[in-house]
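Below: final-v9.txt (compact mmCIF, C-alpha atoms)
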```txt
# COMPACT_ATOMS: atom_id res chain seq x y z
CA MET A 213 -89.26 68.57 133.63
CA LYS A 214 -89.55 70.08 130.13
CA ALA A 215 -92.30 72.45 131.23
CA ALA A 216 -90.31 73.45 134.31
CA LEU A 217 -87.19 74.07 132.22
CA TRP A 218 -89.14 76.21 129.77
CA ALA A 219 -90.75 78.23 132.55
CA GLU A 220 -87.49 78.85 134.40
CA GLY A 221 -85.70 79.71 131.18
CA MET A 222 -88.34 82.28 130.31
CA LYS A 223 -88.15 83.77 133.81
CA LEU A 224 -84.41 84.25 133.56
CA ALA A 225 -84.45 85.49 129.97
CA GLY A 226 -87.13 88.06 130.73
CA SER A 227 -85.67 89.31 133.99
CA THR A 228 -83.70 92.48 134.57
CA VAL A 229 -81.41 90.59 136.94
CA GLY A 230 -80.58 88.07 134.25
CA ARG A 231 -79.76 90.76 131.70
CA VAL A 232 -77.72 92.84 134.15
CA GLY A 233 -75.92 89.74 135.40
CA SER A 234 -75.04 88.73 131.85
CA VAL A 235 -73.64 92.17 131.09
CA ALA A 236 -71.72 92.25 134.37
CA VAL A 237 -70.06 88.89 133.72
CA VAL A 238 -69.21 89.38 130.05
CA VAL A 239 -68.84 93.11 129.53
CA GLY A 240 -67.68 93.90 133.06
CA VAL A 241 -64.76 91.47 133.04
CA SER A 242 -63.84 92.39 129.46
CA VAL A 243 -63.78 96.12 130.20
CA LEU A 244 -61.75 95.70 133.38
CA SER A 245 -59.31 93.39 131.60
CA GLY A 246 -59.00 95.90 128.75
CA SER A 247 -58.36 98.66 131.28
CA MET A 248 -55.52 96.65 132.78
CA LEU A 249 -54.14 96.15 129.29
CA LEU A 250 -54.17 99.90 128.70
CA ALA A 251 -52.50 100.45 132.06
CA ALA A 252 -49.76 98.02 131.04
CA HIS A 253 -48.70 100.51 128.34
CA SER A 254 -48.37 103.33 130.84
CA ASP A 255 -45.06 105.01 131.63
CA ASP A 256 -45.87 105.09 135.35
CA ALA A 257 -43.30 102.81 137.00
CA GLN A 258 -45.32 102.50 140.21
CA LEU A 259 -48.43 101.45 138.29
CA LEU A 260 -46.49 98.89 136.29
CA ALA A 261 -45.03 97.49 139.50
CA LYS A 262 -48.53 97.06 140.93
CA LEU A 263 -49.67 95.22 137.80
CA GLY A 264 -46.88 92.68 138.13
CA PRO A 265 -46.89 90.02 135.36
CA VAL A 266 -49.97 91.66 133.85
CA ALA A 267 -47.74 94.59 132.85
CA SER A 268 -46.25 92.53 130.00
CA GLY A 269 -48.98 93.98 127.76
CA ASP A 270 -49.26 90.82 125.64
CA TRP A 271 -51.75 87.96 125.45
CA THR A 272 -50.16 86.30 128.47
CA GLY A 273 -50.52 89.36 130.68
CA PHE A 274 -53.97 90.22 129.31
CA LEU A 275 -55.42 86.76 129.96
CA LEU A 276 -53.71 86.58 133.35
CA GLY A 277 -55.44 89.81 134.31
CA ALA A 278 -58.77 88.44 133.05
CA ALA A 279 -58.30 85.29 135.14
CA GLN A 280 -57.53 87.36 138.24
CA ILE A 281 -60.65 89.47 137.75
CA THR A 282 -62.84 86.44 137.08
CA GLY A 283 -61.41 84.61 140.06
CA ALA A 284 -62.05 87.57 142.34
CA GLY A 285 -65.52 88.57 141.14
CA GLY A 286 -66.86 85.86 138.88
CA MET A 287 -68.43 83.81 141.63
CA GLY A 288 -70.12 86.91 143.02
CA GLY A 289 -71.67 87.75 139.65
CA PHE A 290 -73.01 84.24 139.17
CA ALA A 291 -74.19 84.06 142.78
CA VAL A 292 -76.36 87.17 142.54
CA VAL A 293 -78.31 85.72 139.61
CA LEU A 294 -78.64 82.37 141.39
CA ALA A 295 -79.84 84.03 144.60
CA TRP A 296 -82.49 85.87 142.59
CA MET A 297 -83.64 82.72 140.78
CA PHE A 298 -84.38 80.98 144.09
CA GLY A 299 -85.10 83.84 146.47
CA ARG A 300 -87.53 85.73 144.24
CA GLU A 301 -90.17 83.00 144.58
CA PHE A 302 -90.46 83.87 148.27
CA GLY A 303 -90.05 87.62 147.94
CA ASP A 304 -92.66 87.90 145.16
CA GLY A 305 -95.02 85.41 146.80
CA THR A 306 -95.00 83.12 143.75
CA ILE A 307 -93.91 80.15 145.86
CA THR A 308 -97.58 79.60 146.75
CA GLY A 309 -98.44 79.00 143.10
CA LEU A 310 -95.63 76.49 142.74
CA PHE A 311 -97.28 74.31 145.39
CA ALA A 312 -100.36 74.07 143.17
CA LEU A 313 -98.47 72.85 140.11
CA PRO A 314 -98.51 69.13 139.17
CA VAL A 315 -94.71 69.14 139.32
CA ARG A 316 -92.60 68.09 142.28
CA ARG A 317 -90.87 70.99 143.96
CA SER A 318 -87.55 69.14 143.83
CA THR A 319 -88.00 68.95 140.05
CA ILE A 320 -88.59 72.71 139.93
CA SER A 321 -85.40 73.34 141.90
CA LEU A 322 -83.41 71.08 139.56
CA ALA A 323 -84.91 72.88 136.57
CA LYS A 324 -83.74 76.18 138.04
CA LEU A 325 -80.24 74.80 138.48
CA LEU A 326 -80.14 73.36 134.95
CA VAL A 327 -81.22 76.70 133.47
CA TYR A 328 -78.62 78.41 135.64
CA ALA A 329 -75.95 75.95 134.45
CA ALA A 330 -76.82 76.53 130.79
CA TRP A 331 -76.74 80.29 131.31
CA ALA A 332 -73.40 80.10 133.15
CA VAL A 333 -71.79 78.01 130.39
CA ALA A 334 -73.11 80.42 127.75
CA MET A 335 -71.77 83.42 129.68
CA SER A 336 -68.37 81.76 130.17
CA ALA A 337 -68.14 81.07 126.44
CA ALA A 338 -69.30 84.61 125.60
CA LEU A 339 -66.68 86.02 127.96
CA GLY A 340 -63.96 84.00 126.27
CA LEU A 341 -65.02 85.27 122.84
CA SER A 342 -65.26 88.82 124.18
CA LEU A 343 -61.73 88.65 125.57
CA LEU A 344 -60.48 87.27 122.26
CA PHE A 345 -62.14 90.18 120.45
CA VAL A 346 -60.69 92.76 122.84
CA GLY A 347 -57.22 91.29 122.48
CA LEU A 348 -57.38 91.30 118.69
CA ILE A 349 -58.72 94.85 118.60
CA ALA A 350 -55.88 95.90 120.92
CA GLY A 351 -53.39 94.54 118.42
CA LEU A 352 -51.98 91.71 120.51
CA GLY A 353 -51.56 89.58 117.40
CA PRO A 354 -52.35 85.92 116.82
CA LEU A 355 -52.71 83.51 119.71
CA THR A 356 -49.88 81.13 120.50
CA THR A 357 -50.61 77.61 121.70
CA ALA A 358 -49.95 78.68 125.29
CA ASP A 359 -52.28 81.65 124.91
CA ALA A 360 -55.02 79.44 123.47
CA GLU A 361 -54.64 77.16 126.49
CA SER A 362 -55.00 80.18 128.77
CA LEU A 363 -58.20 81.14 126.97
CA VAL A 364 -59.56 77.61 127.49
CA ARG A 365 -58.65 77.84 131.17
CA GLN A 366 -60.52 81.15 131.29
CA PHE A 367 -63.66 79.40 130.02
CA ALA A 368 -63.21 76.58 132.52
CA LEU A 369 -62.69 79.11 135.31
CA GLY A 370 -66.02 80.74 134.47
CA VAL A 371 -67.84 77.41 134.56
CA MET A 372 -66.23 76.37 137.83
CA SER A 373 -66.91 79.79 139.38
CA ALA A 374 -70.58 79.23 138.60
CA ALA A 375 -70.43 75.72 140.07
CA ILE A 376 -68.94 76.76 143.41
CA ALA A 377 -71.67 79.40 143.76
CA ILE A 378 -74.43 76.76 143.91
CA PRO A 379 -74.58 76.78 147.76
CA VAL A 380 -76.16 80.22 147.32
CA ALA A 381 -79.29 78.49 145.94
CA TRP A 382 -79.55 76.46 149.12
CA ALA A 383 -78.99 79.53 151.28
CA ALA A 384 -81.63 81.54 149.41
CA THR A 385 -84.08 78.68 149.94
CA LEU A 386 -83.35 78.28 153.64
CA SER A 387 -83.52 82.03 154.27
CA ARG A 388 -86.43 82.43 151.83
CA SER A 389 -84.89 85.61 150.50
CA VAL A 390 -82.55 86.95 147.83
CA LEU A 391 -80.62 88.85 150.49
CA GLY A 392 -79.90 85.65 152.39
CA GLY A 393 -78.38 84.11 149.28
CA VAL A 394 -76.29 87.20 148.53
CA SER A 395 -75.05 87.28 152.12
CA VAL A 396 -73.82 83.71 151.83
CA ALA A 397 -72.19 84.55 148.50
CA ILE A 398 -70.16 87.24 150.25
CA ALA A 399 -69.23 84.74 152.94
CA LEU A 400 -68.06 82.24 150.31
CA VAL A 401 -65.80 84.86 148.73
CA VAL A 402 -64.33 85.69 152.14
CA VAL A 403 -63.70 82.01 152.90
CA ALA A 404 -61.95 81.61 149.56
CA GLN A 405 -59.67 84.58 150.21
CA VAL A 406 -58.84 83.46 153.74
CA SER A 407 -58.02 79.94 152.55
CA VAL A 408 -55.57 81.35 150.02
CA LEU A 409 -53.90 83.50 152.66
CA ALA A 410 -53.70 80.47 154.94
CA GLY A 411 -51.95 78.48 152.22
CA ILE A 412 -54.67 75.84 151.81
CA GLY A 413 -56.39 77.32 148.77
CA GLY A 414 -55.57 74.33 146.60
CA TRP A 415 -57.67 72.07 148.83
CA MET A 416 -60.53 74.56 149.11
CA PRO A 417 -62.99 74.17 146.20
CA LEU A 418 -63.96 77.83 146.60
CA ALA A 419 -60.41 78.97 145.83
CA ALA A 420 -58.89 76.17 143.74
CA PRO A 421 -60.33 77.19 140.33
CA ALA A 422 -58.93 80.72 140.52
CA LEU A 423 -55.52 79.51 141.72
CA TRP A 424 -55.47 76.95 138.93
CA ALA A 425 -56.26 79.49 136.23
CA VAL A 426 -53.95 82.24 137.48
CA SER A 427 -51.01 79.86 137.90
CA GLY A 428 -51.44 78.36 134.45
CA GLY A 429 -52.50 75.05 135.97
CA THR A 430 -49.37 74.56 138.06
CA ALA A 431 -50.47 75.58 141.57
CA VAL A 432 -53.39 73.17 141.85
CA SER A 433 -53.29 69.43 141.21
CA PRO A 434 -56.00 67.60 139.23
CA LEU A 435 -57.15 65.92 142.46
CA GLN A 436 -57.56 69.27 144.18
CA LEU A 437 -59.41 70.75 141.21
CA VAL A 438 -61.83 67.84 140.87
CA LEU A 439 -63.07 68.49 144.43
CA VAL A 440 -65.23 71.19 142.84
CA VAL A 441 -67.49 68.41 141.50
CA PRO A 442 -68.55 66.81 144.82
CA PHE A 443 -68.76 70.28 146.40
CA ALA A 444 -71.23 71.47 143.76
CA ALA A 445 -73.07 68.12 143.73
CA ALA A 446 -73.61 68.28 147.50
CA ALA A 447 -75.08 71.77 147.13
CA VAL A 448 -77.41 70.57 144.36
CA ILE A 449 -78.63 67.66 146.47
CA ALA A 450 -79.12 69.83 149.54
CA THR A 451 -81.11 72.37 147.52
CA ALA A 452 -83.34 69.71 145.95
CA ILE A 453 -84.05 68.07 149.32
CA THR A 454 -84.86 71.42 150.92
CA TRP A 455 -87.28 72.27 148.12
CA ALA A 456 -88.92 68.85 148.41
CA ARG A 457 -89.55 69.52 152.11
CA LEU A 458 -90.78 73.09 151.77
CA GLN A 459 -93.87 74.07 153.72
CA LEU A 460 -95.91 77.21 153.25
CA ASP A 461 -96.32 77.87 156.95
CA ARG A 462 -92.59 77.93 157.69
```
Rewritten as structure tokens:
Amino acid sequence: MKAALWAEGMKLAGSTVGRVGSVAVVVGVSVLSGSMLLAAHSDDAQLLAKLGPVASGDWTGFLLGAAQITGAGGMGGFAVVLAWMFGREFGDGTITGLFALPVRRSTISLAKLLVYAAWAVAMSAALGLSLLFVGLIAGLGPLTTADAESLVRQFALGVMSAAIAIPVAWAATLSRSVLGGVSVAIALVVVAQVSVLAGIGGWMPLAAPALWAVSGGTAVSPLQLVLVVPFAAAAVIATAITWARLQLDR
């Protein structure tokens, strides 16, 4: 497992997709959140009306905007990197070499997921620090206890967004392509949006984390939020089993 973890970590660290994905998650969300903060100081009444609570122009509005952006696009950003980690082996033809290694393919898949998890946690923490920096530079002042809790929820939202994207690894394996994984990622985002519109978002693991963060933890119960764990675990198990049963002629 150690060798597999090292190899997968080096692949991600040295990849363009990994670097671009990291920038998209951390810098992208920070820039968009900062842009909303600037818009909140506009004199345009129509623009302020569209921003809603974000228009307050303080830490509360700034972090609410960041949560909305992360909830809408965070899973997509994580999913693209995950689709590449699994789909590239088939697209680049390196899957053949993996069959020759003295390591079980299920172990390789778990190593990929562990590296992905470590990267996702690091990016979620980096995003939280980046948002804190942007807020301080913008002159929002010191954090209140409620604002600090919102920042913690932002970190948790990033981690959970990465967790609910794990089915993309299974899809990329089944389709044997990066595009297959990305296609499923888009489908997951659509399902999450539809579930929210249908009023069942709290019970849908794909939508619950974003609703929880945006509502300040009031719109989703702990029971509903914890459903993210079995959802992600099932995807991990399915991916590992699929990798264990891989055949080169299929």
Identify, on the basis of all atoms listed in the file, every residue whose closest approach to segment 378-381 of chain A does not exceed 8 Å; exclude the query and any residue fewer than 4 positions from it along the same chain; express the result as a count of residues only.
16
What lies within 8 Å of segment 428-438 of chain A using only C-alpha atoms, ignoring chain neighbours under 4 positions off, as a PyMOL selection string?
chain A and resi 362+365+414-417+420-421+423-424+442
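Distances here use all atoms listed in the file; by that measure, the residue among A:Ala332, A:Leu275, A:Val292, A:Leu458 closest to Met372 of chain A is A:Ala332.
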Polymer residues at most 9 Å from Ala375 of chain A, only C-alpha atoms, same-chain spacing of 4 or more positions, as a PyMOL selection string
chain A and resi 287+290+329+332+370-371+379+440-441+443-445
Provide the atom CA of Lys324 of chain A to atom CA of Ala419 of chain A distance in Å, to one decimal place.
24.8 Å
Among listed residues A:Leu249, A:Leu326, A:Val238, A:Leu355, nearest Leu224 of chain A (using all atoms listed in the file)
A:Leu326
Would you compute the distance between atom CA of Ala334 of chain A and atom CA of Gly283 of chain A? Give it in Å to one decimal.
17.5 Å
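The nearest approach to Thr356 of chain A among the residues A:Leu418, A:Thr272, A:Ile320, A:Trp331, with only C-alpha atoms taken into account, belongs to A:Thr272.
Each of A:Ala216, A:Leu276, A:Ile449, A:Ala377 was checked against Ser427 of chain A using only C-alpha atoms; the smallest atom-to-atom distance is that of A:Leu276.
For the residues A:Gly353, A:Gly305, A:Gly289, A:Gly347, ranking by smallest atom-to-atom distance to Ala236 of chain A using only C-alpha atoms places A:Gly289 first.
Compared by their closest atoms to Asp270 of chain A, and using all atoms listed in the file, the residues A:Ser395, A:Thr319, A:Ser245, A:Ser387 rank with A:Ser245 nearest.
Counting from atom CA of Ala284 of chain A, the distance to atom CA of Glu361 of chain A is 20.4 Å.
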Grab all the atoms of segment 381-391 of chain A that the file lists, wrap them in a box along x, y and z, add 8 Å per side, and give me centre plus edge lengths in Å (one decimal) as JSON.
```
{"center_x": -82.7, "center_y": 82.7, "center_z": 150.1, "size_x": 23.4, "size_y": 28.4, "size_z": 24.3}
```
What's around Gly277 of chain A at 8 Å? Count only C-alpha atoms, leave out sequence neighbours fewer than 4 positions away in its own chain, and write the answer as JSON, numbers by chain.
{"A": [245, 248, 266, 273, 281]}
Might you pull out every residue within 10 Å of Leu339 of chain A, with all atoms listed in the file counted and same-chain residues fewer than 5 positions away left off, and present them as a PyMOL selection string?
chain A and resi 234-235+237-242+278+282+333-334+344-345+363+366-367+370
